[in-house]
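Novice: Next up, model.cif (mmCIF, C-alpha atoms).
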```
data_model
loop_
_atom_site.label_atom_id
_atom_site.label_comp_id
_atom_site.auth_asym_id
_atom_site.auth_seq_id
_atom_site.Cartn_x
_atom_site.Cartn_y
_atom_site.Cartn_z
CA MET S 1 -15.63 6.34 7.01
CA ALA S 2 -18.66 8.43 7.71
CA GLU S 3 -19.45 6.97 11.13
CA ALA S 4 -19.87 9.38 13.98
CA PRO S 5 -17.61 8.68 16.94
CA SER S 6 -19.63 7.45 19.94
CA CYS S 7 -18.93 8.09 23.61
CA SER S 8 -17.69 4.85 25.12
CA ALA S 9 -15.99 1.70 23.98
CA GLN S 10 -18.71 -0.52 25.40
CA LYS S 11 -21.47 1.45 23.71
CA ARG S 12 -19.55 1.32 20.47
CA ALA S 13 -19.02 -2.41 20.82
CA ASP S 14 -22.73 -2.94 21.45
CA SER S 15 -23.83 -0.88 18.48
CA PHE S 16 -21.05 -2.00 16.14
CA ASP S 17 -22.17 -4.44 13.49
CA VAL S 18 -19.04 -6.16 12.22
CA GLN S 19 -20.90 -7.93 9.42
CA GLU S 20 -22.24 -4.65 8.12
CA PHE S 21 -18.84 -3.03 8.42
CA LEU S 22 -17.20 -5.88 6.48
CA ASP S 23 -19.78 -5.48 3.73
CA SER S 24 -19.34 -1.75 3.46
CA HIS S 25 -15.61 -1.28 4.11
CA GLY S 26 -13.96 -4.73 3.96
CA ASP S 27 -13.20 -4.63 0.25
CA ARG S 28 -11.97 -1.08 0.39
CA LEU S 29 -9.56 -1.97 3.18
CA LEU S 30 -8.37 -4.97 1.19
CA ARG S 31 -7.74 -2.83 -1.91
CA SER S 32 -5.81 -0.32 0.14
CA ALA S 33 -3.77 -3.17 1.62
CA TYR S 34 -3.09 -4.49 -1.89
CA LEU S 35 -1.79 -1.11 -3.03
CA LEU S 36 0.38 -0.86 0.07
CA CYS S 37 1.89 -4.35 -0.02
CA GLY S 38 1.52 -5.27 -3.71
CA ASP S 39 0.35 -8.84 -3.22
CA GLU S 40 -3.23 -10.06 -3.11
CA THR S 41 -2.69 -12.99 -0.74
CA GLU S 42 -0.65 -10.86 1.61
CA ALA S 43 -3.36 -8.21 1.47
CA GLN S 44 -6.03 -10.75 2.51
CA ASP S 45 -3.86 -11.86 5.44
CA LEU S 46 -3.09 -8.29 6.43
CA VAL S 47 -6.76 -7.29 6.47
CA GLN S 48 -7.65 -10.33 8.55
CA GLU S 49 -4.81 -9.56 10.95
CA THR S 50 -5.96 -5.93 11.10
CA PHE S 51 -9.43 -7.00 12.23
CA MET S 52 -7.98 -9.49 14.73
CA GLN S 53 -5.83 -6.79 16.31
CA ALA S 54 -8.75 -4.35 16.30
CA ILE S 55 -10.99 -6.88 18.06
CA LYS S 56 -8.29 -7.53 20.66
CA SER S 57 -7.77 -3.86 21.41
CA TRP S 58 -11.34 -2.68 20.88
CA ARG S 59 -11.42 -0.86 24.24
CA ARG S 60 -8.36 1.16 23.26
CA PHE S 61 -10.30 2.72 20.40
CA ARG S 62 -11.38 6.06 21.83
CA GLY S 63 -13.71 6.97 18.99
CA GLU S 64 -11.79 10.14 18.08
CA ALA S 65 -11.59 8.99 14.46
CA ALA S 66 -13.95 6.97 12.30
CA THR S 67 -13.67 3.20 12.65
CA TYR S 68 -12.33 2.90 9.11
CA THR S 69 -9.55 5.43 9.79
CA TRP S 70 -8.59 3.57 12.96
CA LEU S 71 -8.50 0.23 11.13
CA HIS S 72 -6.52 1.78 8.30
CA GLY S 73 -3.96 2.97 10.85
CA ILE S 74 -3.57 -0.61 12.16
CA LEU S 75 -3.32 -1.88 8.59
CA ARG S 76 -0.54 0.58 7.75
CA ASN S 77 1.46 -0.48 10.80
CA LEU S 78 1.10 -4.13 9.82
CA CYS S 79 2.11 -3.34 6.24
CA ARG S 80 5.19 -1.49 7.49
CA ARG S 81 6.16 -4.50 9.64
CA HIS S 82 5.50 -6.86 6.75
CA GLN S 83 7.58 -4.65 4.47
CA ARG S 84 10.54 -4.76 6.86
CA LYS S 85 10.40 -8.57 6.91
CA GLN S 86 10.14 -8.74 3.13
CA LYS S 87 13.09 -6.39 2.62
CA ARG S 88 15.39 -8.86 4.30
CA ILE S 89 14.64 -11.67 1.86
CA VAL S 90 13.45 -10.48 -1.54
CA TYR S 91 16.13 -8.35 -3.10
CA ASP S 92 16.22 -10.59 -6.17
CA GLU S 93 12.47 -10.40 -6.61
CA GLU S 94 12.66 -6.63 -6.58
CA LEU S 95 15.21 -6.80 -9.36
CA VAL S 96 12.96 -9.08 -11.39
CA LEU S 97 10.05 -6.73 -10.83
CA LYS S 98 12.12 -3.78 -12.01
CA GLU S 99 13.09 -5.63 -15.15
CA THR S 100 9.46 -6.57 -15.79
CA CYS S 101 8.42 -2.99 -15.35
CA GLN S 102 11.01 -1.73 -17.77
CA ALA S 103 10.05 -4.30 -20.41
CA ASP S 104 8.42 -3.22 -23.64
CA HIS S 105 4.74 -2.48 -23.38
CA PRO S 106 2.11 -3.26 -26.00
CA SER S 107 1.54 -0.56 -28.58
CA GLY S 108 -2.11 -0.01 -27.67
CA LEU S 109 -1.90 1.71 -24.28
CA ASP S 110 -5.22 0.75 -22.77
CA GLN S 111 -6.25 1.99 -19.37
CA ASP S 112 -5.90 -1.40 -17.71
CA PHE S 113 -2.31 -1.65 -18.84
CA CYS S 114 -1.59 1.87 -17.58
CA ALA S 115 -3.19 1.05 -14.23
CA THR S 116 -1.09 -2.10 -13.90
CA ARG S 117 2.10 -0.22 -14.76
CA LEU S 118 1.27 2.45 -12.21
CA THR S 119 0.73 -0.18 -9.50
CA GLN S 120 3.98 -1.90 -10.46
CA ALA S 121 5.84 1.38 -10.28
CA LEU S 122 4.22 2.09 -6.92
CA ARG S 123 5.72 -1.12 -5.53
CA GLN S 124 9.20 0.17 -6.25
CA LEU S 125 8.80 3.19 -4.02
CA SER S 126 9.89 3.10 -0.40
CA HIS S 127 7.08 2.28 2.02
CA GLU S 128 6.62 5.83 3.30
CA HIS S 129 6.41 7.26 -0.23
CA ARG S 130 4.01 4.54 -1.32
CA GLU S 131 1.89 5.16 1.75
CA VAL S 132 1.59 8.86 1.03
CA ILE S 133 0.54 8.17 -2.58
CA VAL S 134 -2.10 5.65 -1.48
CA LEU S 135 -3.47 7.92 1.22
CA ARG S 136 -3.59 10.93 -1.08
CA PHE S 137 -4.87 9.39 -4.31
CA TYR S 138 -6.70 6.24 -3.25
CA GLU S 139 -8.01 7.18 0.19
CA ARG S 140 -8.41 10.77 -1.02
CA MET S 141 -7.14 12.24 2.21
CA LYS S 142 -6.19 15.86 2.67
CA ILE S 143 -2.59 16.80 3.34
CA GLU S 144 -3.47 17.73 6.93
CA GLU S 145 -5.16 14.37 7.53
CA ILE S 146 -2.17 12.45 6.17
CA ALA S 147 0.15 14.50 8.37
CA ARG S 148 -2.00 13.69 11.41
CA GLN S 149 -2.15 10.01 10.51
CA GLN S 150 1.59 9.70 9.95
CA GLY S 151 2.53 11.93 12.88
CA VAL S 152 4.60 14.30 10.75
CA SER S 153 4.23 17.90 9.60
CA SER S 154 2.27 18.95 6.51
CA GLY S 155 5.55 20.11 4.99
CA THR S 156 7.01 16.61 5.34
CA VAL S 157 3.93 15.10 3.70
CA LYS S 158 4.18 17.53 0.78
CA SER S 159 7.87 16.81 0.43
CA ARG S 160 7.27 13.02 0.46
CA LEU S 161 4.46 13.44 -2.06
CA HIS S 162 6.66 15.52 -4.33
CA TYR S 163 9.50 13.01 -4.16
CA ALA S 164 7.17 10.03 -4.67
CA LEU S 165 5.58 11.63 -7.73
CA ARG S 166 8.98 12.47 -9.14
CA CYS S 167 10.07 8.82 -8.72
CA LEU S 168 6.85 7.60 -10.34
CA GLY S 169 7.42 10.06 -13.18
CA GLN S 170 10.78 8.44 -13.82
CA LEU S 171 9.42 4.89 -13.57
CA ILE S 172 6.36 5.32 -15.78
CA PRO S 173 6.80 5.86 -19.53
CA ARG S 174 5.81 9.33 -20.69
CA GLU S 175 3.45 7.90 -23.30
CA MET S 176 1.16 6.87 -20.48
CA ASN S 177 0.41 10.52 -19.97
CA PHE S 178 -0.02 10.38 -16.18
CA PHE S 179 2.08 13.45 -15.65
CA ALA S 180 1.39 15.30 -18.86
CA ALA S 181 -2.12 16.68 -18.83
CA SER S 182 -1.15 19.57 -21.07
CA GLY S 183 1.98 18.33 -22.71
CA THR S 184 4.38 19.31 -19.92
CA HIS S 185 5.81 16.99 -17.31
CA SER S 186 4.20 17.94 -14.03
CA MET S 187 7.26 17.37 -11.93
CA GLU S 188 9.56 19.30 -14.24
CA THR S 189 7.56 22.45 -13.74
CA ARG S 190 7.96 22.36 -9.94
CA MET I 1 0.16 35.87 -3.96
CA ASN I 2 2.83 35.12 -6.56
CA CYS I 3 3.34 31.97 -8.66
CA GLU I 4 5.83 30.40 -6.28
CA GLN I 5 3.56 30.90 -3.26
CA PHE I 6 0.60 29.51 -5.22
CA LYS I 7 2.49 26.37 -6.29
CA ASP I 8 3.68 25.87 -2.76
CA ARG I 9 0.09 26.01 -1.47
CA LEU I 10 -1.46 24.11 -4.36
CA PRO I 11 -2.25 20.89 -2.42
CA GLU I 12 -3.92 22.86 0.38
CA TYR I 13 -5.76 24.95 -2.23
CA LEU I 14 -7.18 21.77 -3.74
CA ASP I 15 -8.02 20.48 -0.25
CA GLU I 16 -9.66 23.82 0.59
CA THR I 17 -7.77 23.96 3.86
CA LEU I 18 -6.20 27.40 3.33
CA SER I 19 -7.37 30.29 5.48
CA ALA I 20 -10.19 32.38 3.99
CA ALA I 21 -7.78 35.20 3.11
CA GLU I 22 -5.28 32.84 1.45
CA GLN I 23 -8.04 31.05 -0.45
CA THR I 24 -9.29 34.36 -1.84
CA ALA I 25 -5.75 35.43 -2.76
CA ALA I 26 -5.16 32.08 -4.47
CA ASN I 27 -8.45 32.37 -6.37
CA ASP I 28 -7.50 35.85 -7.56
CA HIS I 29 -4.06 34.68 -8.60
CA VAL I 30 -5.22 31.62 -10.51
CA GLN I 31 -7.74 33.70 -12.45
CA ASN I 32 -5.02 36.01 -13.68
CA CYS I 33 -2.10 33.58 -14.17
CA VAL I 34 -2.17 31.14 -17.08
CA ALA I 35 0.82 29.08 -15.88
CA CYS I 36 -0.72 28.51 -12.45
CA ARG I 37 -4.06 27.66 -14.01
CA GLN I 38 -2.27 25.01 -16.06
CA ALA I 39 -0.44 23.73 -12.98
CA LEU I 40 -3.77 23.47 -11.17
CA ALA I 41 -5.32 21.59 -14.09
CA ARG I 42 -2.34 19.22 -14.21
CA GLU I 43 -2.60 18.52 -10.50
CA GLN I 44 -6.33 17.82 -10.78
CA ALA I 45 -5.83 15.61 -13.83
CA LEU I 46 -3.04 13.71 -12.11
CA ALA I 47 -5.19 13.06 -9.04
CA LYS I 48 -8.08 11.93 -11.22
CA SER I 49 -5.97 9.59 -13.38
CA PHE I 50 -4.33 8.07 -10.30
CA GLN I 51 -7.70 7.51 -8.66
CA LEU I 52 -9.10 5.89 -11.82
CA SER I 53 -6.04 3.69 -12.23
CA PHE I 54 -6.07 2.53 -8.62
CA ASP I 55 -9.80 1.83 -8.77
CA ARG I 56 -9.40 -0.04 -12.06
CA GLU I 57 -6.48 -2.09 -10.75
CA THR I 58 -8.16 -3.05 -7.48
CA GLN I 59 -11.85 -3.36 -8.39
CA ARG I 60 -11.51 -7.12 -9.00
CA LEU I 61 -10.42 -7.65 -5.37
CA SER I 62 -12.81 -8.58 -2.62
CA LEU I 63 -12.29 -9.88 0.87
CA GLY I 64 -12.18 -13.70 0.85
CA ALA I 65 -14.90 -15.77 2.47
CA GLU I 66 -12.39 -17.45 4.78
CA ALA I 67 -11.06 -14.14 6.06
CA ARG I 68 -14.62 -12.91 6.62
CA GLN I 69 -15.54 -16.04 8.56
CA ASN I 70 -12.43 -15.80 10.71
CA ILE I 71 -13.15 -12.16 11.50
CA LEU I 72 -16.80 -12.85 12.36
CA LYS I 73 -15.77 -15.80 14.52
CA ALA I 74 -13.24 -13.68 16.44
CA TRP I 75 -15.84 -10.95 16.96
CA LYS I 76 -18.38 -13.46 18.25
CA GLN I 77 -15.81 -14.90 20.67
CA ARG I 78 -15.08 -11.40 21.90
CA GLU I 79 -18.79 -10.81 22.54
CA LEU I 80 -19.09 -14.08 24.45
CA ARG I 81 -16.01 -13.24 26.49
CA SER I 82 -17.30 -9.83 27.46
CA ALA I 83 -20.69 -11.33 28.38
CA SER I 84 -19.12 -13.50 31.13
CA THR I 85 -18.07 -11.87 34.43
CA TRP I 86 -14.52 -13.18 34.39
CA GLY I 87 -14.21 -12.14 30.75
CA SER I 88 -15.30 -8.59 31.60
CA VAL I 89 -12.82 -8.38 34.47
CA ARG I 90 -10.03 -9.68 32.28
CA ALA I 91 -11.00 -7.34 29.47
CA PHE I 92 -11.00 -4.41 31.89
CA PHE I 93 -7.41 -5.10 32.84
CA THR I 94 -6.12 -6.11 29.43
CA GLU I 95 -7.96 -3.67 27.21
CA THR I 96 -7.98 -0.53 29.33
CA PRO I 97 -7.92 2.47 27.03
CA TRP I 98 -5.88 4.71 29.35
CA LYS I 99 -2.46 3.26 30.04
CA PRO I 100 -1.36 6.54 31.68
CA ALA I 101 -4.12 6.04 34.28
CA TRP I 102 -2.49 2.79 35.38
CA ALA I 103 0.93 4.45 35.46
CA GLY I 104 -0.54 7.25 37.59
CA LEU I 105 -2.15 4.77 39.95
CA GLY I 106 1.17 2.93 40.37
CA PHE I 107 3.00 6.20 40.98
CA GLY I 108 0.37 7.20 43.56
CA CYS I 109 0.81 3.88 45.39
CA ILE I 110 4.59 4.39 45.54
CA LEU I 111 4.11 7.92 46.91
CA LEU I 112 1.66 6.61 49.52
CA PHE I 113 4.13 3.92 50.59
CA ILE I 114 6.98 6.44 50.94
CA SER I 115 4.84 8.87 52.95
CA ALA I 116 3.61 6.06 55.23
CA SER I 117 7.17 4.88 55.94
CA LEU I 118 8.29 8.45 56.69
CA LEU I 119 5.39 8.93 59.09
CA LEU I 120 6.17 5.66 60.86
CA GLN I 121 9.80 6.70 61.28
CA ARG I 122 8.77 10.00 62.89
CA LYS I 123 6.30 8.39 65.28
CA PRO I 124 8.63 7.48 68.25
CA VAL I 125 10.17 10.96 68.25
CA GLU I 126 6.76 12.58 68.32
CA ARG I 127 5.60 10.31 71.09
CA ALA I 128 8.75 11.17 73.03
CA SER I 129 8.27 14.85 72.57
CA LEU I 130 4.72 14.59 73.87
CA GLN I 131 5.98 13.64 77.33
CA PRO I 132 4.84 16.36 79.72
CA ALA I 133 7.33 18.62 81.42
CA GLN I 134 7.38 18.01 85.15
CA ARG I 135 7.94 20.72 87.64
CA GLU I 136 10.92 19.82 89.85
CA SER I 137 11.05 23.01 91.87
CA ALA I 138 9.73 26.53 91.54
CA ASP I 139 11.97 27.29 88.53
CA ASN I 140 13.17 23.87 87.29
CA TYR I 141 11.40 21.50 84.87
CA VAL I 142 12.38 17.96 83.85
CA VAL I 143 11.59 16.56 80.41
CA ASP I 144 11.87 12.78 79.89
CA VAL I 145 12.51 11.84 76.27
CA PRO I 146 12.90 8.10 75.54
CA ILE I 147 14.91 7.54 72.36
CA GLU I 148 16.25 4.07 71.63
CA THR I 149 19.58 4.78 69.99
CA GLU I 150 20.85 8.00 71.37
CA VAL I 151 20.17 10.48 74.12
CA HIS I 152 20.05 14.23 73.76
CA LEU I 153 20.91 16.05 76.93
CA TYR I 154 19.91 19.67 76.86
CA ARG I 155 21.57 21.91 79.40
CA ARG I 156 21.19 25.61 79.75
CA GLU I 157 24.30 27.78 80.06
CA GLY I 158 23.42 31.43 80.46
CA ASN I 159 21.04 32.21 77.60
CA SER I 160 22.12 29.39 75.28
CA VAL I 161 21.24 25.67 75.26
CA VAL I 162 24.12 23.19 74.93
CA ASP I 163 23.38 19.84 73.23
CA ALA I 164 25.36 16.78 74.38
CA VAL I 165 24.84 13.31 72.89
CA VAL I 166 25.23 10.21 75.03
CA LYS I 167 24.75 6.82 73.37
CA GLY I 168 23.35 3.70 74.94
CA ALA I 169 20.79 5.20 77.31
CA THR I 170 17.07 5.37 76.81
CA ILE I 171 15.95 8.24 79.01
CA ILE I 172 17.19 11.76 79.26
CA ASN I 173 16.49 14.25 81.95
CA ALA I 174 16.80 17.72 80.65
CA THR I 175 16.77 20.02 83.59
CA PHE I 176 16.65 23.74 83.14
CA SER I 177 15.43 26.80 84.94
CA GLU I 178 12.63 28.13 82.88
CA ASN I 179 8.97 28.83 83.05
CA PRO I 180 6.50 26.23 81.58
CA SER I 181 6.12 28.05 78.26
CA ARG I 182 9.90 28.03 77.63
CA ALA I 183 9.94 24.32 78.57
CA SER I 184 7.41 23.57 75.86
CA SER I 185 9.55 25.54 73.37
CA LEU I 186 12.45 23.24 74.27
CA LYS I 187 10.18 20.24 73.63
CA ARG I 188 9.45 21.64 70.21
CA HIS I 189 13.18 21.99 69.68
CA ILE I 190 13.66 18.30 70.47
CA ARG I 191 10.89 17.35 68.09
CA GLN I 192 12.40 19.36 65.24
CA ASN I 193 15.83 17.77 65.64
#
```
Once more with this new file: its structure as structure tokens, please.
Specialist:
Amino acid sequence: MAEAPSCSAQKRADSFDVQEFLDSHGDRLLRSAYLLCGDETEAQDLVQETFMQAIKSWRRFRGEAATYTWLHGILRNLCRRHQRKQKRIVYDEELVLKETCQADHPSGLDQDFCATRLTQALRQLSHEHREVIVLRFYERMKIEEIARQQGVSSGTVKSRLHYALRCLGQLIPREMNFFAASGTHSMETR
Amino acid sequence: MNCEQFKDRLPEYLDETLSAAEQTAANDHVQNCVACRQALAREQALAKSFQLSFDRETQRLSLGAEARQNILKAWKQRELRSASTWGSVRAFFTETPWKPAWAGLGFGCILLFISASLLLQRKPVERASLQPAQRESADNYVVDVPIETEVHLYRREGNSVVDAVVKGATIINATFSENPSRASSLKRHIRQN
């Protein structure tokens, strides 16, 4: 993410070490893909497809953003397409997932369990709301950057973020304490 | 800055993307307002717990060896392709970064084609109008203008010029009593029409 943009595609191609990039950013891209699509196998395929598309259209990369940001943009487009395909066939699976998520949790709320519940709840959000949560809290992007990436205004990003957090607040049990740092529900105070 | 304005700008305040004046106003407000300080703490805690949870949930994942190999293979093939001449030519046309440049080039070609056809259409008229005026007598001049489809006969009546069209002929003889400079002005008239 910290690469400086270089001047021409050919120069970039010559200096770009794909092996090194895979070592440094491959896993991170995969994890982001997993959070976006919710399935490990799909995430592997999506990352591979992302790289294939990037290799094909390498000359189109103008170097205005870091290579990781560019690849992440391709990944998000692929995830969106994948999501649209999935929507047509897995309504029942969504129902099952919802039921699983609402099932009783073990009494000892360890952090792993909380993390899993959060990821499960994330899957129930619409793609654009999930995307904004991943970009904000996993990719640690600023509101302005997310707006630029998604091609919307900062206000829209904040509104999506607010709505997504409110949905997550409803999906995650209060005992998990995600939204209650000082005993008050974060979203209720807004 | 009041509480509502602060809460509205809270994400930008955390991002430090507010203007210098707004950042100072927000700092002043948060120092004096307990509720906003709590809201800020909640927002920071939420971000931190989300980050930790996502990291915890995904840390076991790593890119599979097969996917890595496929990616490396595709990259190597791309390098080989761009090393060959034909590959470079093909890559230039298929991977050009500026699609608008190609659109502009196409548009330019169309404009060039239209201008060329217009120029070609005007050519016979211009050639015709370049025929020299011939002195018939002391005051009369004859202008021969070959036009394939129609014939313009210009005849002077008093101070005005009357235009008569006769189809099927190829030569006109416009005879009028004028001096050579007026004759050339008539030629210009023919060219314009």
Novice: Hey, can you check how far CA of Thr50 (chain S) sits from CA of Leu75 (chain S)?
Specialist: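 So the two atoms, CA of Thr50 (chain S) and CA of Leu75 (chain S), lie 5.4 Å apart.
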Novice: Find the spatial neighbours of Thr58 (chain I), counting all atoms listed in the file, within a cut-off of 9 Å - ignore same-chain residues fewer than 5 positions away - and output them as a ChimeraX atom specification.
Specialist: /S:28,30-32,34-35 /I:53
Novice: Could you tell me which residues the PyMOL selection byres ((chain I) within 7 of (chain S)) returns for this structure, as a compact mmCIF listing (two decimals) with C-alpha atoms, keeping the file's coordinate frame?
Specialist:
```txt
# COMPACT_ATOMS: atom_id res chain seq x y z
CA GLU I 12 -3.92 22.86 0.38
CA ASP I 15 -8.02 20.48 -0.25
CA ARG I 42 -2.34 19.22 -14.21
CA ALA I 45 -5.83 15.61 -13.83
CA LEU I 46 -3.04 13.71 -12.11
CA ALA I 47 -5.19 13.06 -9.04
CA SER I 49 -5.97 9.59 -13.38
CA PHE I 50 -4.33 8.07 -10.30
CA GLN I 51 -7.70 7.51 -8.66
CA SER I 53 -6.04 3.69 -12.23
CA PHE I 54 -6.07 2.53 -8.62
CA ARG I 56 -9.40 -0.04 -12.06
CA GLU I 57 -6.48 -2.09 -10.75
CA THR I 58 -8.16 -3.05 -7.48
CA LEU I 61 -10.42 -7.65 -5.37
CA SER I 62 -12.81 -8.58 -2.62
CA LEU I 63 -12.29 -9.88 0.87
CA ALA I 67 -11.06 -14.14 6.06
CA ILE I 71 -13.15 -12.16 11.50
CA ALA I 74 -13.24 -13.68 16.44
CA TRP I 75 -15.84 -10.95 16.96
CA GLU I 95 -7.96 -3.67 27.21
CA THR I 96 -7.98 -0.53 29.33
CA PRO I 97 -7.92 2.47 27.03
```
Novice: Interatomic distance between CA of Val132 (chain S) and CA of Ala35 (chain I)?
Specialist: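 Result for CA of Val132 (chain S) versus CA of Ala35 (chain I): 26.4 Å, one decimal.
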Novice: So how far away is CA of Ala21 (chain I) from CA of Glu145 (chain S), in Å?
Specialist: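 About the pair CA of Glu145 (chain S) and CA of Ala21 (chain I): they are 21.5 Å apart.
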Novice: Show which residues sit within 10 Å of region 3-5 of chain I, as a PDB file with C-alpha atoms, keeping the file's coordinate frame. Count only C-alpha atoms, and ignore same-chain residues fewer than 5 positions away.
Specialist:
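Final output, saved to selection_38.pdb:
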```
ATOM      1  CA  ARG S 190       7.960  22.360  -9.940  1.00  0.00           C
TER       2      ARG S 190
ATOM      3  CA  LEU I  10      -1.460  24.110  -4.360  1.00  0.00           C
ATOM      4  CA  ALA I  26      -5.160  32.080  -4.470  1.00  0.00           C
ATOM      5  CA  HIS I  29      -4.060  34.680  -8.600  1.00  0.00           C
ATOM      6  CA  VAL I  30      -5.220  31.620 -10.510  1.00  0.00           C
ATOM      7  CA  CYS I  33      -2.100  33.580 -14.170  1.00  0.00           C
ATOM      8  CA  ALA I  35       0.820  29.080 -15.880  1.00  0.00           C
ATOM      9  CA  CYS I  36      -0.720  28.510 -12.450  1.00  0.00           C
TER      10      CYS I  36
END
```
Novice: Around all the atoms of region 97-115 of chain I listed in the file, draw an axis-aligned box and extend it by 4 Å on each of the six sides; I want its centre and edge lengths in Å to one decimal, as lines of an AutoDock Vina configuration file.
Specialist:
```
center_x = -0.5
center_y = 5.7
center_z = 40.0
size_x = 22.9
size_y = 14.4
size_z = 33.9
```
Novice: May I ask which of the residues S:Gln83, S:Ser126, S:Gln53, S:Gln150 is the closest one to Tyr163 (chain S), counting all atoms listed in the file?
Specialist: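 Ranking S:Gln83, S:Ser126, S:Gln53, S:Gln150 by distance to Tyr163 (chain S), first place goes to S:Ser126.
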Novice: Which is closest to Pro173 (chain S) among S:Ala121, S:Cys37, S:Leu71, S:Val157, if we use all atoms listed in the file?
Specialist: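 Of S:Ala121, S:Cys37, S:Leu71, S:Val157, the one nearest Pro173 (chain S), counting all atoms listed in the file, is S:Ala121.
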